[in-house]
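Peer 1: Take a look at start04.cif, mmCIF, C-alpha atoms and all ligand atoms:
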```
data_upload
#
loop_
_atom_site.label_atom_id
_atom_site.label_comp_id
_atom_site.auth_asym_id
_atom_site.auth_seq_id
_atom_site.Cartn_x
_atom_site.Cartn_y
_atom_site.Cartn_z
CA MET A 1 -24.55 43.81 -132.57
CA CYS A 2 -20.89 44.74 -132.59
CA ARG A 3 -18.41 46.13 -135.10
CA ILE A 4 -17.65 42.64 -136.40
CA CYS A 5 -21.32 42.19 -137.28
CA THR A 6 -21.88 45.66 -138.73
CA GLU A 7 -18.67 46.70 -140.48
CA PRO A 8 -16.67 45.12 -143.30
CA VAL A 9 -13.62 43.23 -142.08
CA GLU A 10 -11.34 45.45 -144.19
CA SER A 11 -12.21 48.48 -142.06
CA LEU A 12 -11.28 46.63 -138.84
CA ILE A 13 -7.91 45.24 -139.85
CA GLY A 14 -5.91 48.17 -138.44
CA LEU A 15 -7.50 47.96 -134.97
CA THR A 16 -5.32 47.20 -131.97
CA LYS A 17 -8.31 47.09 -129.58
CA LEU A 18 -11.74 45.65 -130.14
CA ASN A 19 -14.69 45.22 -127.82
CA CYS A 20 -17.48 42.99 -129.06
CA SER A 21 -18.69 41.90 -125.62
CA GLN A 22 -22.31 40.92 -125.11
CA CYS A 23 -22.98 40.55 -128.83
CA PRO A 24 -25.67 37.92 -129.36
CA ASP A 25 -24.73 37.31 -132.98
CA VAL A 26 -20.98 37.10 -133.37
CA THR A 27 -19.78 33.52 -133.98
CA ALA A 28 -16.09 34.06 -134.78
CA ILE A 29 -13.43 36.73 -134.48
CA PRO A 30 -12.13 37.32 -138.04
CA ALA A 31 -8.68 35.82 -138.58
CA GLN A 32 -7.60 38.95 -140.48
CA LEU A 33 -7.52 41.10 -137.30
CA VAL A 34 -3.87 40.31 -136.75
CA ASN A 35 -3.06 43.72 -135.22
CA LEU A 36 -5.30 43.23 -132.18
CA GLU A 37 -3.54 43.61 -128.85
CA VAL A 38 -6.64 43.83 -126.67
CA LEU A 39 -9.76 41.80 -127.37
CA MET A 40 -12.89 41.89 -125.22
CA CYS A 41 -15.45 39.33 -126.29
CA ARG A 42 -17.12 38.56 -122.99
CA GLY A 43 -20.62 37.14 -122.88
CA CYS A 44 -21.00 36.22 -126.56
CA PRO A 45 -23.34 33.21 -126.54
CA ARG A 46 -22.62 32.10 -130.11
CA LEU A 47 -18.87 32.68 -130.21
CA VAL A 48 -17.04 29.46 -131.09
CA LEU A 49 -13.73 30.67 -132.51
CA ILE A 50 -10.86 32.89 -131.48
CA PRO A 51 -8.42 32.49 -134.40
CA ASP A 52 -4.83 31.41 -133.90
CA THR A 53 -3.63 34.35 -136.02
CA LEU A 54 -4.08 36.93 -133.22
CA VAL A 55 -0.50 36.48 -132.06
CA ARG A 56 -0.12 40.11 -130.90
CA LEU A 57 -2.85 39.81 -128.26
CA THR A 58 -1.70 40.74 -124.78
CA GLU A 59 -5.16 40.94 -123.17
CA LEU A 60 -8.08 38.67 -123.84
CA ASP A 61 -11.42 38.60 -122.05
CA CYS A 62 -13.52 35.74 -123.38
CA SER A 63 -15.44 35.05 -120.17
CA GLU A 64 -18.99 33.76 -120.26
CA CYS A 65 -18.75 32.31 -123.77
CA PRO A 66 -20.61 29.02 -123.45
CA ASN A 67 -19.57 27.69 -126.86
CA LEU A 68 -15.89 28.53 -126.72
CA LYS A 69 -13.84 25.34 -126.49
CA VAL A 70 -10.27 26.46 -127.16
CA ILE A 71 -7.85 29.25 -126.33
CA PRO A 72 -5.37 28.95 -129.23
CA PRO A 73 -1.88 28.00 -128.02
CA GLU A 74 -0.45 30.41 -130.60
CA LEU A 75 -1.46 33.43 -128.44
CA VAL A 76 1.93 33.34 -126.74
CA ASN A 77 2.03 37.08 -125.95
CA LEU A 78 -1.01 37.02 -123.67
CA ARG A 79 -0.38 38.64 -120.30
CA GLU A 80 -3.95 38.79 -119.05
CA LEU A 81 -6.52 36.11 -119.72
CA ASP A 82 -10.06 36.24 -118.35
CA CYS A 83 -11.94 33.11 -119.27
CA TRP A 84 -14.20 32.56 -116.26
CA ASN A 85 -17.48 30.76 -116.66
CA CYS A 86 -16.63 29.07 -119.97
CA PRO A 87 -18.35 25.72 -119.48
CA ASN A 88 -16.74 24.09 -122.53
CA LEU A 89 -13.18 25.26 -122.04
CA ALA A 90 -11.05 22.24 -121.11
CA THR A 91 -7.47 23.52 -121.19
CA ILE A 92 -5.30 26.56 -120.62
CA PRO A 93 -2.45 26.21 -123.16
CA ALA A 94 0.96 25.53 -121.62
CA SER A 95 2.48 27.86 -124.22
CA LEU A 96 1.05 31.03 -122.57
CA VAL A 97 4.23 31.49 -120.58
CA LYS A 98 3.91 35.31 -120.36
CA LEU A 99 0.59 35.22 -118.48
CA ASN A 100 0.62 37.46 -115.41
CA SER A 101 -3.05 37.21 -114.62
CA LEU A 102 -5.40 34.31 -115.14
CA ASN A 103 -9.04 34.21 -114.12
CA CYS A 104 -10.47 30.81 -114.93
CA MET A 105 -13.08 30.54 -112.20
CA GLU A 106 -16.21 28.52 -112.82
CA CYS A 107 -14.74 26.45 -115.67
CA PRO A 108 -16.17 23.02 -114.90
CA ARG A 109 -14.10 21.14 -117.52
CA LEU A 110 -10.73 22.57 -116.55
CA ALA A 111 -8.56 19.88 -114.95
CA PHE A 112 -5.22 21.60 -114.45
CA ILE A 113 -3.28 24.82 -114.83
CA PRO A 114 0.02 24.20 -116.64
CA SER A 115 3.15 24.41 -114.53
CA THR A 116 4.81 26.37 -117.34
CA LEU A 117 2.89 29.54 -116.36
CA ARG A 118 5.71 30.83 -114.21
CA GLN A 119 4.89 34.53 -114.62
CA LEU A 120 1.48 34.22 -112.92
CA ILE A 121 0.97 36.84 -110.26
CA LEU A 122 -2.80 36.67 -110.01
CA LEU A 123 -4.65 33.39 -110.28
CA PHE A 124 -8.37 33.04 -109.73
CA CYS A 125 -9.50 29.47 -110.05
CA ASP A 126 -12.28 28.92 -107.52
CA ASP A 127 -15.31 26.84 -108.37
CA CYS A 128 -13.57 24.57 -110.89
CA PRO A 129 -14.70 21.16 -109.63
CA LEU A 130 -12.19 19.14 -111.70
CA LEU A 131 -9.20 21.31 -110.97
CA THR A 132 -6.68 19.16 -109.13
CA SER A 133 -3.39 20.70 -110.16
CA ILE A 134 -2.31 24.26 -109.54
CA PRO A 135 1.33 25.14 -110.18
CA ASP A 136 3.43 24.40 -107.09
CA THR A 137 4.23 27.39 -104.94
CA PRO A 138 7.77 27.77 -106.37
CA SER A 139 6.19 28.19 -109.81
CA ILE A 140 4.12 31.20 -108.81
CA PRO A 141 6.53 34.11 -108.45
CA CYS A 142 4.23 35.94 -106.03
CA CYS A 143 5.13 33.24 -103.51
CA ASP A 144 8.86 33.95 -103.77
CA GLY A 145 9.81 35.79 -100.61
CA CYS A 146 6.15 36.38 -99.84
CA PRO A 147 5.95 37.74 -96.31
CA TRP A 148 2.73 35.80 -95.79
CA LEU A 149 4.21 32.36 -96.29
CA SER A 150 6.41 32.16 -93.23
CA GLU A 151 3.53 33.58 -91.22
CA ASN A 152 1.31 30.71 -92.35
CA ALA A 153 3.95 27.99 -92.43
CA HIS A 154 3.28 26.48 -89.02
CA SER A 155 -0.46 26.76 -88.91
CA TYR A 156 -1.02 25.91 -92.54
CA PRO A 157 1.25 23.28 -94.11
CA ASN A 158 -0.17 23.84 -97.58
CA HIS A 159 -0.02 27.50 -98.57
CA ILE A 160 -2.30 27.38 -101.57
CA PRO A 161 -5.58 27.35 -99.62
CA SER A 162 -4.54 30.45 -97.72
CA LEU A 163 -3.54 32.20 -100.94
CA LEU A 164 -6.89 31.34 -102.45
CA ARG A 165 -8.51 32.73 -99.33
CA ILE A 166 -6.65 36.01 -99.76
CA GLN A 167 -7.76 36.11 -103.37
CA ARG A 168 -11.36 35.59 -102.32
CA TRP A 169 -11.03 38.52 -99.98
CA PHE A 170 -9.75 40.64 -102.84
CA ARG A 171 -12.70 39.75 -105.00
CA HIS A 172 -15.37 40.46 -102.46
CA GLY A 173 -13.55 43.50 -101.19
CA ARG A 174 -12.40 46.46 -103.17
CA LYS A 175 -10.63 44.65 -105.96
CA GLN A 176 -13.18 45.52 -108.59
CA VAL A 177 -12.85 49.24 -107.87
CA PHE A 178 -9.08 49.28 -108.05
CA LYS A 179 -8.73 46.43 -110.52
CA ARG A 180 -6.00 48.01 -112.59
CA VAL A 181 -3.91 49.19 -109.68
CA LEU A 182 -4.33 45.95 -107.81
CA ARG A 183 -2.87 44.00 -110.68
CA THR A 184 0.56 45.50 -110.21
CA ARG A 185 2.84 43.41 -108.06
CA ALA A 186 4.49 46.44 -106.47
CA PHE A 187 1.18 47.79 -105.23
CA ASN A 188 0.17 44.46 -103.73
CA GLU A 189 3.49 43.93 -102.02
CA PHE A 190 3.32 47.38 -100.49
CA VAL A 191 -0.28 47.54 -99.31
CA PHE A 192 -0.73 43.90 -98.40
CA HIS A 193 2.49 43.48 -96.47
CA PRO A 194 1.48 41.98 -93.09
CA ASP A 195 2.53 45.17 -91.28
CA ARG A 196 0.61 47.63 -93.48
CA ILE A 197 -3.02 48.57 -93.61
CA GLY A 198 -4.18 46.10 -96.24
CA GLY A 199 -2.16 43.29 -94.71
CA LYS A 200 -3.60 43.92 -91.26
CA ALA A 201 -7.12 43.86 -92.63
CA VAL A 202 -6.47 40.59 -94.45
CA LYS A 203 -4.89 39.17 -91.31
CA ARG A 204 -8.04 39.91 -89.32
CA GLN A 205 -10.14 38.36 -92.06
CA LEU A 206 -7.90 35.27 -92.19
CA GLU A 207 -8.02 34.84 -88.45
CA ALA A 208 -11.79 35.04 -88.52
CA GLU A 209 -12.05 32.51 -91.33
CA LEU A 210 -9.44 30.17 -89.86
CA GLY A 211 -11.26 30.34 -86.55
CA GLN A 212 -14.44 29.28 -88.28
CA MET A 213 -12.91 26.35 -90.12
CA ARG A 214 -10.56 25.03 -87.46
CA PRO A 215 -12.75 22.07 -86.39
CA ALA A 216 -13.03 20.82 -89.98
CA LYS A 217 -9.29 21.13 -90.49
CA GLN A 218 -8.47 19.14 -87.34
CA GLN A 219 -10.74 16.37 -88.52
CA ARG A 220 -8.93 16.17 -91.83
CA VAL A 221 -5.48 16.11 -90.27
CA GLY A 222 -6.41 13.67 -87.50
ZN ZN B 301 -21.83 41.47 -133.19
#
```
Would you encode the structure as structure tokens?
Peer 2:
Amino acid sequence: MCRICTEPVESLIGLTKLNCSQCPDVTAIPAQLVNLEVLMCRGCPRLVLIPDTLVRLTELDCSECPNLKVIPPELVNLRELDCWNCPNLATIPASLVKLNSLNCMECPRLAFIPSTLRQLILLFCDDCPLLTSIPDTPSIPCCDGCPWLSENAHSYPNHIPSLLRIQRWFRHGRKQVFKRVLRTRAFNEFVFHPDRIGGKAVKRQLEAELGQMRPAKQQRVG
């Protein structure tokens, strides 16, 4: 049970943050909560509706909501969207042009990520079997002037797989601990520059992984 289930809507209208994660009962976020800027509704098995009136939202975590089908395109101020493991979510709205961070892993119905999301710095989209289109590298600002790209250019014609590999390393590494800090672009550019400590560690990891997959890659190319 969460505040939506236990308190009258009138007493919640002024809230700018609301966490109703893991509530087994909530089916809809009330449309009257127009002041919300941060909404956490992760792991709500009966949640079917996030209303299109929550236009002030900048952070939304609606991961692990099996009955959620739509992220409303009206939520144009969203900067962070976590919607991983939403088996019925089929689209990320192209109108979310302010998104910095998108985690849509394990969304089996998701077929593409709109090319309009030009502010994306972090993108986690592994384990989406239908996903065929990720914004081209020029669309993801983190690739602009990225010191990694020239390093990979000769050995890896397509940069996206190597970026996804780096992201995987983040996830299994210390990302969870320093989640907030790691989301800032400045921090990432400093620590994960190829000549600094994080960059060197990633480089070793990449070399190990590339070494392991080299035979498969040669088969594909040849
Ligand atoms: Zn509840």
Peer 1: Using CA of Leu99 (chain A) and CA of Leu117 (chain A) as the two end points, give the distance in Å to one decimal.
Peer 2: 6.5 Å
Peer 1: Could you list, as a VMD selection string, all protein and nucleic acid residues with an atom at most 7 Å from ligand ZN 301 (chain B), counting all atoms listed in the file?
Peer 2: chain A and resid 1 to 6 20 23 to 26
Peer 1: Check the smallest atom-to-atom distance from each of A:Cys125, A:Leu33, A:Leu78, A:Ala28 to Ser11 (chain A) using all atoms listed in the file, then report the winner.
Peer 2: A:Leu33
Peer 1: Calculate how many Å separate CA of Ile71 (chain A) from CA of Val97 (chain A), rounding to one decimal.
Peer 2: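 Interatomic distance, CA of Ile71 (chain A) to CA of Val97 (chain A): 13.6 Å.
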Peer 1: Neighbouring residues of region 41-56 of chain A were defined as those with any atom within 10 Å, considering all atoms listed in the file; residues of the same chain fewer than 2 positions away were excluded. Please report them as a ChimeraX atom specification.
Peer 2: /A:2,16,18-39,58-78,82-86
Peer 1: Within 9 Å of Leu130 (chain A), counting only C-alpha atoms, which residues qualify if same-chain residues fewer than 5 places away don't, as a PDB file with C-alpha atoms, in the frame of the given file?
Peer 2:
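Saved result, around-v9.pdb, follows:
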```pdb
ATOM      1  CA  CYS A 107     -14.740  26.450-115.670  1.00  0.00           C
ATOM      2  CA  PRO A 108     -16.170  23.020-114.900  1.00  0.00           C
ATOM      3  CA  ARG A 109     -14.100  21.140-117.520  1.00  0.00           C
ATOM      4  CA  LEU A 110     -10.730  22.570-116.550  1.00  0.00           C
ATOM      5  CA  ALA A 111      -8.560  19.880-114.950  1.00  0.00           C
ATOM      6  CA  PHE A 112      -5.220  21.600-114.450  1.00  0.00           C
TER       7      PHE A 112
END
```
Peer 1: Tell me, in Å to one decimal, how far CA of Pro87 (chain A) is from CA of Asp127 (chain A).
Peer 2: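 If I compute the distance from CA of Pro87 (chain A) to CA of Asp127 (chain A), I get 11.6 Å.
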Peer 1: Between A:Leu57, A:Arg79, A:Asp195, A:Pro114, which residue has the minimum interatomic distance to Ile92 (chain A), considering only C-alpha atoms?
Peer 2: A:Pro114
Peer 1: What lies within 10 Å of Phe192 (chain A) using only C-alpha atoms, ignoring chain neighbours under 3 positions off, as a ChimeraX atom specification?
Peer 2: /A:147-148,166,186-189,195-203
Peer 1: How big is the axis-aligned box around the listed atoms of region 21-25 of chain A once 8 Å is added on each side, and where is its centre? Give both in Å to one decimal, as AutoDock Vina command-line options.
Peer 2:
```
--center_x -22.2 --center_y 39.6 --center_z -129.0 --size_x 23.0 --size_y 20.6 --size_z 23.9
```
